[in-house]
Structure formats: C-alpha cells, structure tokens
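Working notes for the structure below.
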Amino acid sequence: MTRVRDRASVPVPLLVPAALAVAFLVLPLVGLLMRTPWSSLGPALTAPGVGLALRLSLVTASLATLMSVVLGVPLAWVLARSTARGRSLLRALVTVPLVLPPVVGGVALFLVLGRRGIVGQWLVEAFGITIPFTTAAVVIAEAFVAMPFLVISVEGALRAADARFEDVAATLGADRWTTFRRVTLPLVAPGVAAGAVLCWARALGEFGATITFAGNFPGTTQTMPLAVYLALQSDPEAAIALSLVLLAVSVGTLLLLRGRWLGRAAP
Amino acid sequence: MNLEASVRLRRGSLDLAVDLAVAGGEVVAVLGPNGAGKSTLLRVLAGLLPPDDGRIAVAGAVWDDVPAGIHLPPHRRALGMVFQDALLFPHLTVADNVAFGLRTHGTRRADARAAAGAWLERVGLEGMGNQRPAQLSGGQAQRAALARALVGEPDLLLLDEPLSALDARTRLTVRAELRRHLADFRGGTVLVTHDPVDAMALADRVVVVEQGQVVQAGTPAEVNSRPRTDYVARLAGLSLLSGTGEGRTVRLDGGGVVAVAEEAAGAVFAAVRPESVALYLGRPDGSPRNVWPSRLVGATPHGSTVRCELAGEVPLVADVTATAFAELGLTPGVEVWATVKASEVAVYAR
C-alpha cells in the first residue's frame, strides 16, 4: 500500500455532514439490532404467519426476477443494440416505474388488470382469470417495480461490451440469435447477474404496489414487508424480528454483489 | 477471379468507390492512410455494412448486388476475417474459439474440436487449446485468430491490420508465419494495412486507396519504384516531383528543372531515392547536372543513416550516413547544396 497520508485528510465542511450521513444511515440499523428481542426471537420467527410470509416473499420475488430476466434482457438488448428510431423515448417509458411512486404503479396495474380493466376484463371474459388480490398479482406488482433495475443494469453491460465480438461471430457464420446466445449473453453474464440480484432485492422489499394491487391476505399476498407493517400495529416485537430477517437477506444480497461493486474499490 | 467487387458507399465525409478483383490464392493489399476507407471497404466485403451501390461476387456466388436487391448477411458468406486486436471470445477457450465457426455451421463437437486442434498445431499453438485468450500473448492471440478464420476453409480471407497491434519483434515472426499460411490458402485474400512493409512482404498486388478512391495499383515493386501520389512516395521513401518532360530535362510544376537520363515528354513524375541525393556545404565542383541550393528543415535517424528533409526550389529527402551528418555539422536551418545524378532520377508518365 502506498496510500498518501495527505489524501486521507478531509476538509471539515465535508467531514461533518459526511459523518452525520453515516450516522443517519447506520444508526437505525444499529437500533434495530439493539432492540431485537434475541431471547424471544425463536418463537417470533416460528410464529405461524412468519414462515408463510417469508416463503411467499422469497417465491414471489424469485418469480418476479425470473419474469424480469426473461422479458428484461431482450428489452435491454433492443435498447442497446437496435438502431430503430424512438429508442430514447422507449427507454424513458420503460424506466418510468423506477421513479414512479409504487402506490401509483399499483393503482395503474389495477386499472389495467383489474376486473374492469382494459386487459383484466378481457381475461375474465375469455379465460375466467382474475388477477388482482392473487399471488400472481404480487409477482406482477413486484416485477413492474423491479424490472427497470434489471433492464438498466443489463443495458449498461451491453453498451460496455465490445460490439466487435458480435461482428466476429457474424463472420464465423453465427446469425444474430446464435450470436446473442453464444457470444453476447456470456459476455454480459456478470451484468445480468448483478441486475438480477438488484431486481430480486427490490422485489423482496416491494410494498406500495403490492398492497394496492394484490392486497394483504396472509398466505396468498401478504409478503414480508406487508407482514412487518401489519405486525408493527399489533406486535412490535414480531415486527422487529421480521425486519431482522429482511435485513439479513439484504446484507446477504450485498455480500453477493460485493465482488462486483465493493470489490472494485479495493482490487 | 475469386473475388470481384465494385463498392460504392458514402458515410459521413467518406466517399468510397473501389473496384477490386482478387484471384484464387492471390493476396491483395489495400494500402492507405488512416481514414482512407480501407476498413470500411473490408466491412462491406464482410457484409457487416451494406454498400449504397455495387456488386460483390466471390467464387461464383453473389454476396451483394445492390441493383438486384441482393445482400447476403455476413453469417451466410463463406469468409474468414482477422481483426487488428485478434478479438478472441474471452469466455471461450482458445480451442473453442477456433472451433466456433465450425460449430455454427453444424459440425459436430468432436469433429470441430479435432479440426481446431489440427489448426492450433499448424499455427504453432499445440497444447494451448484449453487456455483462455487472456493467457495468450499478443502474437499467440493473433495466430489463434488466424486459425479461427481459416479453419472453415473460407472462399475469402479478410485481414484488417492483422499485425499492427503487435510489438516490432513479434510482428516480424508473425508476418513470416502469415506469409507461409497465405501461400497455402487457396481462396483470395484481402489485406488491409497502413504499413507498407506488410503490404510489400505479404501481397502479390497492392491497391493504394486514398480518400475512398484507388489512386494506384500494381505489384509491390511497381508501386514502390513508381509512386503516383505523395502518400505512396513517402511510404516508399521517395521524393516525388511532378513536371513536364522536355527532352532530357523535366520542368517541375513547382519551379526548377531536373536533368534526367532518358527522353521525357508530356506530364511526368520524377522520383528520387533518398540515398542518391548527396549533400555539400559549398557548391560542388565537377559536373553533376542537378545541383540545387537547399535548406535542411528536418533530420531523423533512420537505421545507420540520417534522413534529411530539404526545403528549396526542389523539395527532396536525402539519406546521409551518421558520420557524414556529424562531419558536415548539419543542423536544421543549415544551407546546403543537394546534388543528384541524372541517371538516378526515375521518370515515368503521369
């Protein structure tokens, strides 16, 4: 290490707010750990509703991620590689859910896929399928909110990847689909993985769109964040225990991504 | 003819109009400065860029015919291409890289692997098939890229500056190997390069492209000895003077007269080799018929000699030995006399 000592000194006007920011971001988590009723943690976590909510959360977040990968990776390819006009407009439209309040997303989904919605009405009449307030609705709400994270991550990876490899593949007889499968996708695999983890974490924490579009029914639509919120009203200790589980999952996610993002600063 | 191409393409400031014919087994070098459109031409031949107009036919198959509305996508052209940076797929082993083209054409895995192994041996990379491209040196990577391009026995081989990313020493050995592999290759080869040494060493014919247009074509020796543009003359290390022949003298367009050994008439080029120019501090006695006062404006070491750039009525380049350079006390700005024997001036029609 040849780190210069001088560079470690931070000007006071920057140091104080920076320290405050750290405290602001870290203290609530410390508080959560301090208030955790460690002795009664076991019973709280094995309470009947908790396992159900946790399992539902993991399943729906995974399904939402799967859906995002299957639909989002091709979309990212189109955004990164196609030369069609209106691409920037498309990108803007696609990333709206990123900045949209999730509750608004839930309302919008309800208006489209609800019983009286444009698509929902047709689904009911043609197939007898209703989506709102089902587990499928949870997956859709989560994917709606989380897919843009994956799309943006993968599009960035595609743009950073050397497109000349695709030219090479073409000169070696690979059509565009073969090139995508055998060259492009392997090249951006780390970006897809990072995007998927990010997407999964976002889906796991989804609250607003889920409660609006899917409701809060234990076993079918009550995911962990919903359970935490509900528990806080009646049984704060259970809420803390549930929060702890989500925190553990989040930290696990961060560790998964460490090699990619945190690792870059200290090679 | 193995390749017959007539390519027209406008792209930004580039106006490409090149006709090219390459026989089977022949190597044609497309030589030109950066931005001349050489690589664009190669991309058009590969099908990566559709031309605005023209026709490309290889081994009897039409690859492009704009009037007839034919454009074969690159993956359906029987070609092999080597890029400047090798561009081996980083996620595949070296052997899988070489086998890639065979696999896309439906060759079974085992057969493709065997063929790749044989080619790796041919290019001197036996036993390295299981390595990752990142573990190869630049020269090894370029050899693997050549094997990858040739393993499918293409009708046309396209080489885009294949040696320019290599260091000088590696370039020498890879160039010699490339020459050997090209001699065995039965299809046509188009080599794009801005290095005249590559062109001279590897090509049967040289096509010089400047600003999208062919300015000269011929054997390397012809192009080398009778350049038609300043760019080619500079590559060949010659001073190119244009003028009008008047018997045994050439009146230069830029002023001044050059005595020559043969009769010349009409618009001609006079080319002077740097080693045939002698420099003196005082006006030389004796009878050289070409004596010009000049000023030294630049000097760069060039092997065991110093290449001197001269300004004056007749702009010339002179090679003098390092010893003579020192003894004459030459420094930029010094006034000198430059002489050339009439018999050392090559004259040819413009």
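Quick note on naming: the chains in the structure tokens go A, B, ... in the order shown, residues restart at 1 in each chain, and ligands are numbered from 1 in order of appearance.
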Subject >> All residues 8 Å or closer to Ala53 (chain A), only C-alpha atoms, same chain fewer than 4 positions away omitted, as a ChimeraX atom specification >> reply: /A:49,57,218-219,222-224,227
Limited to N, CA and C atoms, could you put the picked residues into a file as a CSV table (one decimal), in the first residue's frame?
chain,number,residue,atom,x,y,z
A,49,GLY,N,-47.6,-17.1,11.0
A,49,GLY,CA,-47.7,-16.2,9.9
A,49,GLY,C,-46.4,-15.9,9.3
A,57,SER,N,-42.7,-14.3,0.2
A,57,SER,CA,-41.8,-13.3,-0.3
A,57,SER,C,-40.7,-13.8,-1.2
A,218,PRO,N,-53.0,-13.0,4.2
A,218,PRO,CA,-52.0,-13.9,4.7
A,218,PRO,C,-52.0,-15.2,3.8
A,219,GLY,N,-50.8,-15.7,3.4
A,219,GLY,CA,-50.8,-16.9,2.7
A,219,GLY,C,-50.8,-16.7,1.2
A,222,GLN,N,-49.8,-11.7,1.3
A,222,GLN,CA,-49.1,-10.9,2.4
A,222,GLN,C,-47.6,-11.3,2.4
A,223,THR,N,-46.8,-10.4,1.8
A,223,THR,CA,-45.3,-10.7,1.8
A,223,THR,C,-44.7,-10.1,3.0
A,224,MET,N,-43.4,-10.3,3.2
A,224,MET,CA,-42.7,-9.9,4.4
A,224,MET,C,-42.9,-8.4,4.7
A,227,ALA,N,-46.2,-7.9,6.1
A,227,ALA,CA,-46.3,-8.5,7.4
A,227,ALA,C,-45.7,-7.7,8.5
**OP:** Dump as a list in words the residues of chain B that approach chain A to within 7 Å, counting only C-alpha atoms.
**Re:** Ala46, Pro74, His75, Arg76, Leu79, Gly80, Met81, Leu87, Phe89, His91, Gly101, Thr104 and His105 of chain B
Original post:
Which residues, written as a VMD selection string, have at least one atom at most 8 Å from Glu161 (chain B), with only C-alpha atoms counted and residues fewer than 5 positions away on the same chain left out?
Top reply: chain B and resid 83 to 84 191 to 194
**OP:** Do a neighbour search on Ser243 (chain A) at 10 Å with only C-alpha atoms, toss out local chain neighbours closer than 5 positions, and write the hits as a list of chain:residue names.
**Re:**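 Everything that qualifies: A:Leu29, A:Leu32, A:Leu33, A:Thr36, A:Met224, A:Pro225, A:Ala227, A:Val228, A:Tyr229, A:Glu237, A:Ala238, A:Ala248, A:Val249.
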Original post:
Leu42 (chain B): which residues within 10 Å, counting only C-alpha atoms, same-chain residues fewer than 6 positions away excluded, as a list in words?
Top reply: Val30, Leu48, Leu49, Met81, Leu158, Leu159, Asp160, Val190, Leu191 and Val192 of chain B
Could you write out the selected residues, including N, CA and C atoms, as a PDB file, in the first residue's frame?
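Listed below is the output, selection-v7.pdb:
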ATOM      1  N   VAL B  30      -4.638  -3.764 -49.547  1.00  0.00           N
ATOM      2  CA  VAL B  30      -5.235  -2.441 -49.697  1.00  0.00           C
ATOM      3  C   VAL B  30      -4.486  -1.534 -48.737  1.00  0.00           C
ATOM      4  N   LEU B  48     -20.858  -6.728 -43.173  1.00  0.00           N
ATOM      5  CA  LEU B  48     -21.223  -6.043 -41.931  1.00  0.00           C
ATOM      6  C   LEU B  48     -21.810  -4.673 -42.213  1.00  0.00           C
ATOM      7  N   LEU B  49     -21.581  -4.193 -43.444  1.00  0.00           N
ATOM      8  CA  LEU B  49     -22.056  -2.874 -43.839  1.00  0.00           C
ATOM      9  C   LEU B  49     -22.570  -3.003 -45.266  1.00  0.00           C
ATOM     10  N   MET B  81     -12.299 -13.740 -41.223  1.00  0.00           N
ATOM     11  CA  MET B  81     -11.814 -12.378 -41.030  1.00  0.00           C
ATOM     12  C   MET B  81     -10.944 -12.330 -39.791  1.00  0.00           C
ATOM     13  N   LEU B 158     -10.255 -12.086 -45.091  1.00  0.00           N
ATOM     14  CA  LEU B 158     -10.117 -10.651 -44.918  1.00  0.00           C
ATOM     15  C   LEU B 158      -9.235 -10.389 -43.703  1.00  0.00           C
ATOM     16  N   LEU B 159      -8.166  -9.645 -43.913  1.00  0.00           N
ATOM     17  CA  LEU B 159      -7.243  -9.339 -42.816  1.00  0.00           C
ATOM     18  C   LEU B 159      -7.246  -7.831 -42.589  1.00  0.00           C
ATOM     19  N   ASP B 160      -7.719  -7.418 -41.413  1.00  0.00           N
ATOM     20  CA  ASP B 160      -7.819  -5.998 -41.108  1.00  0.00           C
ATOM     21  C   ASP B 160      -6.677  -5.603 -40.173  1.00  0.00           C
ATOM     22  N   VAL B 190      -7.735 -10.468 -48.957  1.00  0.00           N
ATOM     23  CA  VAL B 190      -7.638  -9.014 -48.991  1.00  0.00           C
ATOM     24  C   VAL B 190      -7.036  -8.573 -47.664  1.00  0.00           C
ATOM     25  N   LEU B 191      -5.889  -7.927 -47.747  1.00  0.00           N
ATOM     26  CA  LEU B 191      -5.171  -7.479 -46.560  1.00  0.00           C
ATOM     27  C   LEU B 191      -5.245  -5.964 -46.495  1.00  0.00           C
ATOM     28  N   VAL B 192      -5.830  -5.462 -45.435  1.00  0.00           N
ATOM     29  CA  VAL B 192      -5.873  -4.011 -45.255  1.00  0.00           C
ATOM     30  C   VAL B 192      -4.764  -3.617 -44.302  1.00  0.00           C
TER      31      VAL B 192
END
Subject >> Selected residue, from B:Val336, B:Val22, B:Val98, B:Ala115, that lies nearest to Gln142 (chain B) when counting only C-alpha atoms >> reply: B:Val98
Original post:
Which residues in region 141-232 of chain B does DSSP call strand (DSSP E or B)? List them as a list of chain:residue names.
Top reply: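 DSSP on the backbone gives strand (DSSP E or B) at B:Leu156, B:Leu157, B:Leu158, B:Leu159, B:Asp160, B:Gly188, B:Thr189, B:Val190, B:Leu191, B:Val192, B:Thr193, B:Arg205, B:Val206, B:Val207, B:Val208, B:Val209, B:Glu210, B:Gln213, B:Val214, B:Val215, B:Gln216, B:Ala217, B:Gly218.
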Keeping only N, CA and C atoms, write the selected residues to a file as an mmCIF file, in the first residue's frame.
data_model
loop_
_atom_site.group_PDB
_atom_site.id
_atom_site.type_symbol
_atom_site.label_atom_id
_atom_site.label_comp_id
_atom_site.auth_asym_id
_atom_site.auth_seq_id
_atom_site.Cartn_x
_atom_site.Cartn_y
_atom_site.Cartn_z
ATOM 1 N N LEU B 156 -12.972 -16.555 -49.036
ATOM 2 C CA LEU B 156 -12.323 -15.242 -48.998
ATOM 3 C C LEU B 156 -11.793 -14.988 -47.592
ATOM 4 N N LEU B 157 -10.555 -14.532 -47.519
ATOM 5 C CA LEU B 157 -9.961 -14.203 -46.223
ATOM 6 C C LEU B 157 -9.745 -12.699 -46.155
ATOM 7 N N LEU B 158 -10.255 -12.086 -45.091
ATOM 8 C CA LEU B 158 -10.117 -10.651 -44.918
ATOM 9 C C LEU B 158 -9.235 -10.389 -43.703
ATOM 10 N N LEU B 159 -8.166 -9.645 -43.913
ATOM 11 C CA LEU B 159 -7.243 -9.339 -42.816
ATOM 12 C C LEU B 159 -7.246 -7.831 -42.589
ATOM 13 N N ASP B 160 -7.719 -7.418 -41.413
ATOM 14 C CA ASP B 160 -7.819 -5.998 -41.108
ATOM 15 C C ASP B 160 -6.677 -5.603 -40.173
ATOM 16 N N GLY B 188 -9.053 -16.229 -52.112
ATOM 17 C CA GLY B 188 -8.446 -14.919 -52.248
ATOM 18 C C GLY B 188 -8.277 -14.266 -50.891
ATOM 19 N N THR B 189 -7.279 -13.404 -50.790
ATOM 20 C CA THR B 189 -7.044 -12.705 -49.529
ATOM 21 C C THR B 189 -7.008 -11.205 -49.780
ATOM 22 N N VAL B 190 -7.735 -10.468 -48.957
ATOM 23 C CA VAL B 190 -7.638 -9.014 -48.991
ATOM 24 C C VAL B 190 -7.036 -8.573 -47.664
ATOM 25 N N LEU B 191 -5.889 -7.927 -47.747
ATOM 26 C CA LEU B 191 -5.171 -7.479 -46.560
ATOM 27 C C LEU B 191 -5.245 -5.964 -46.495
ATOM 28 N N VAL B 192 -5.830 -5.462 -45.435
ATOM 29 C CA VAL B 192 -5.873 -4.011 -45.255
ATOM 30 C C VAL B 192 -4.764 -3.617 -44.302
ATOM 31 N N THR B 193 -3.985 -2.639 -44.685
ATOM 32 C CA THR B 193 -2.883 -2.225 -43.825
ATOM 33 C C THR B 193 -2.488 -0.795 -44.134
ATOM 34 N N ARG B 205 -0.227 -8.180 -55.021
ATOM 35 C CA ARG B 205 -0.587 -6.924 -55.643
ATOM 36 C C ARG B 205 -0.966 -5.924 -54.575
ATOM 37 N N VAL B 206 -0.712 -4.664 -54.872
ATOM 38 C CA VAL B 206 -1.031 -3.608 -53.919
ATOM 39 C C VAL B 206 -2.029 -2.659 -54.568
ATOM 40 N N VAL B 207 -3.080 -2.337 -53.829
ATOM 41 C CA VAL B 207 -4.032 -1.330 -54.277
ATOM 42 C C VAL B 207 -3.964 -0.196 -53.263
ATOM 43 N N VAL B 208 -3.585 0.996 -53.740
ATOM 44 C CA VAL B 208 -3.464 2.125 -52.824
ATOM 45 C C VAL B 208 -4.760 2.919 -52.851
ATOM 46 N N VAL B 209 -5.343 3.105 -51.678
ATOM 47 C CA VAL B 209 -6.609 3.832 -51.566
ATOM 48 C C VAL B 209 -6.374 5.099 -50.754
ATOM 49 N N GLU B 210 -6.775 6.213 -51.352
ATOM 50 C CA GLU B 210 -6.725 7.473 -50.616
ATOM 51 C C GLU B 210 -8.072 8.141 -50.739
ATOM 52 N N GLN B 213 -10.758 6.460 -52.806
ATOM 53 C CA GLN B 213 -10.548 6.175 -54.221
ATOM 54 C C GLN B 213 -9.236 5.398 -54.414
ATOM 55 N N VAL B 214 -9.211 4.542 -55.432
ATOM 56 C CA VAL B 214 -7.972 3.851 -55.778
ATOM 57 C C VAL B 214 -7.076 4.831 -56.532
ATOM 58 N N VAL B 215 -5.893 5.106 -55.996
ATOM 59 C CA VAL B 215 -5.007 6.048 -56.668
ATOM 60 C C VAL B 215 -3.881 5.334 -57.400
ATOM 61 N N GLN B 216 -3.632 4.087 -57.032
ATOM 62 C CA GLN B 216 -2.588 3.340 -57.722
ATOM 63 C C GLN B 216 -2.751 1.863 -57.446
ATOM 64 N N ALA B 217 -2.431 1.042 -58.446
ATOM 65 C CA ALA B 217 -2.486 -0.396 -58.240
ATOM 66 C C ALA B 217 -1.357 -1.028 -59.026
ATOM 67 N N GLY B 218 -0.800 -2.094 -58.518
ATOM 68 C CA GLY B 218 0.278 -2.764 -59.225
ATOM 69 C C GLY B 218 0.980 -3.735 -58.300
#
Original post:
So which one's closest to Thr65 (chain A), A:Val139, A:Leu52, A:Val104, A:Leu109? Using only C-alpha atoms, please.
Top reply: A:Val139
Subject >> alpha helix (DSSP H) per DSSP on the backbone: members of region 154-190 of chain A, as a count of residues only >> reply: 25
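Counting only C-alpha atoms, the residue from A:Leu54, A:Leu27, A:Val22, A:Ala92 that sits nearest to Leu226 (chain A) is A:Leu54.
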**OP:** For Pro196 (chain B), work out the shell of residues within 12 Å, counting only C-alpha atoms and skipping chain neighbours fewer than 4 positions away, then give it as a ChimeraX atom specification.
**Re:** /B:29-33,161,163-164,191-192,200-203,206-208,220-221,223-224,231-237
Original post:
Nearest to Asp235 (chain A) among A:Ala44, A:Val59, A:Met34, A:Leu89, with distances taken over only C-alpha atoms: which residue is it?
Top reply: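 Of all the options, A:Ala44 lies closest to Asp235 (chain A).
Of the residues under consideration (A:Met147, A:Ile131, A:Trp177, A:Thr220), A:Met147 shows the shortest atom-to-atom contact distance to Val70 (chain A) when counting only C-alpha atoms.
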Original post:
Restricting the calculation to only C-alpha atoms, which member of B:Ser343, B:Ala338, B:Arg10, B:Asp204 is positioned closest to Ala183 (chain B)?
Top reply: B:Asp204
Original post:
Within 10 Å of Ser68 (chain A), counting only C-alpha atoms, which residues qualify if same-chain residues fewer than 6 places away don't, as a list in words?
Top reply: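 Those residues are Ser62, Pro74, Leu75, Ile140, Glu142, Ala143, Phe144, Val145, Ala146, Met147, Pro148, Phe149, Leu150, Val151, Gly195, Ala196, Cys199 and Trp200 of chain A.
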Produce a file of the selected residues containing N, CA and C atoms, as a compact mmCIF listing (two decimals), in the first residue's frame.
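The resulting file, part32.txt, is reproduced below:
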# COMPACT_ATOMS: atom_id res chain seq x y z
N SER A 62 -38.57 -14.22 -6.39
CA SER A 62 -37.83 -15.03 -7.36
C SER A 62 -38.56 -15.11 -8.69
N PRO A 74 -34.04 -9.27 -23.16
CA PRO A 74 -34.28 -8.91 -24.57
C PRO A 74 -34.57 -7.42 -24.75
N LEU A 75 -35.32 -6.85 -23.80
CA LEU A 75 -35.61 -5.42 -23.90
C LEU A 75 -34.31 -4.61 -23.82
N ILE A 140 -46.65 -9.79 -10.34
CA ILE A 140 -46.74 -8.74 -11.36
C ILE A 140 -46.37 -7.38 -10.77
N GLU A 142 -44.47 -6.76 -8.20
CA GLU A 142 -43.04 -6.73 -7.91
C GLU A 142 -42.22 -6.57 -9.18
N ALA A 143 -42.62 -7.30 -10.23
CA ALA A 143 -41.88 -7.23 -11.49
C ALA A 143 -42.00 -5.83 -12.10
N PHE A 144 -43.19 -5.25 -11.96
CA PHE A 144 -43.41 -3.91 -12.51
C PHE A 144 -42.43 -2.92 -11.90
N VAL A 145 -42.24 -3.03 -10.62
CA VAL A 145 -41.38 -2.08 -9.93
C VAL A 145 -39.90 -2.42 -10.10
N ALA A 146 -39.58 -3.73 -10.19
CA ALA A 146 -38.17 -4.13 -10.12
C ALA A 146 -37.52 -4.32 -11.49
N MET A 147 -38.32 -4.59 -12.52
CA MET A 147 -37.72 -4.90 -13.83
C MET A 147 -36.83 -3.78 -14.37
N PRO A 148 -37.21 -2.51 -14.22
CA PRO A 148 -36.33 -1.45 -14.74
C PRO A 148 -34.91 -1.52 -14.20
N PHE A 149 -34.76 -1.97 -12.94
CA PHE A 149 -33.41 -2.10 -12.38
C PHE A 149 -32.59 -3.07 -13.21
N LEU A 150 -33.21 -4.18 -13.57
CA LEU A 150 -32.51 -5.18 -14.37
C LEU A 150 -32.23 -4.66 -15.77
N VAL A 151 -33.24 -4.02 -16.36
CA VAL A 151 -33.08 -3.54 -17.74
C VAL A 151 -31.91 -2.55 -17.82
N GLY A 195 -27.77 -7.40 -12.22
CA GLY A 195 -29.10 -6.83 -12.41
C GLY A 195 -30.16 -7.70 -11.76
N ALA A 196 -29.99 -9.01 -11.86
CA ALA A 196 -30.98 -9.92 -11.30
C ALA A 196 -31.00 -9.83 -9.77
N CYS A 199 -32.61 -6.60 -8.83
CA CYS A 199 -34.03 -6.73 -9.13
C CYS A 199 -34.71 -7.56 -8.05
N TRP A 200 -34.06 -8.63 -7.64
CA TRP A 200 -34.63 -9.51 -6.63
C TRP A 200 -34.75 -8.78 -5.29
**OP:** Would you mind reading off the distance between CA of Pro315 (chain B) and CA of Ala36 (chain B), one decimal, in Å?
**Re:**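 Separating CA of Pro315 (chain B) from CA of Ala36 (chain B) is a distance of 25.5 Å.
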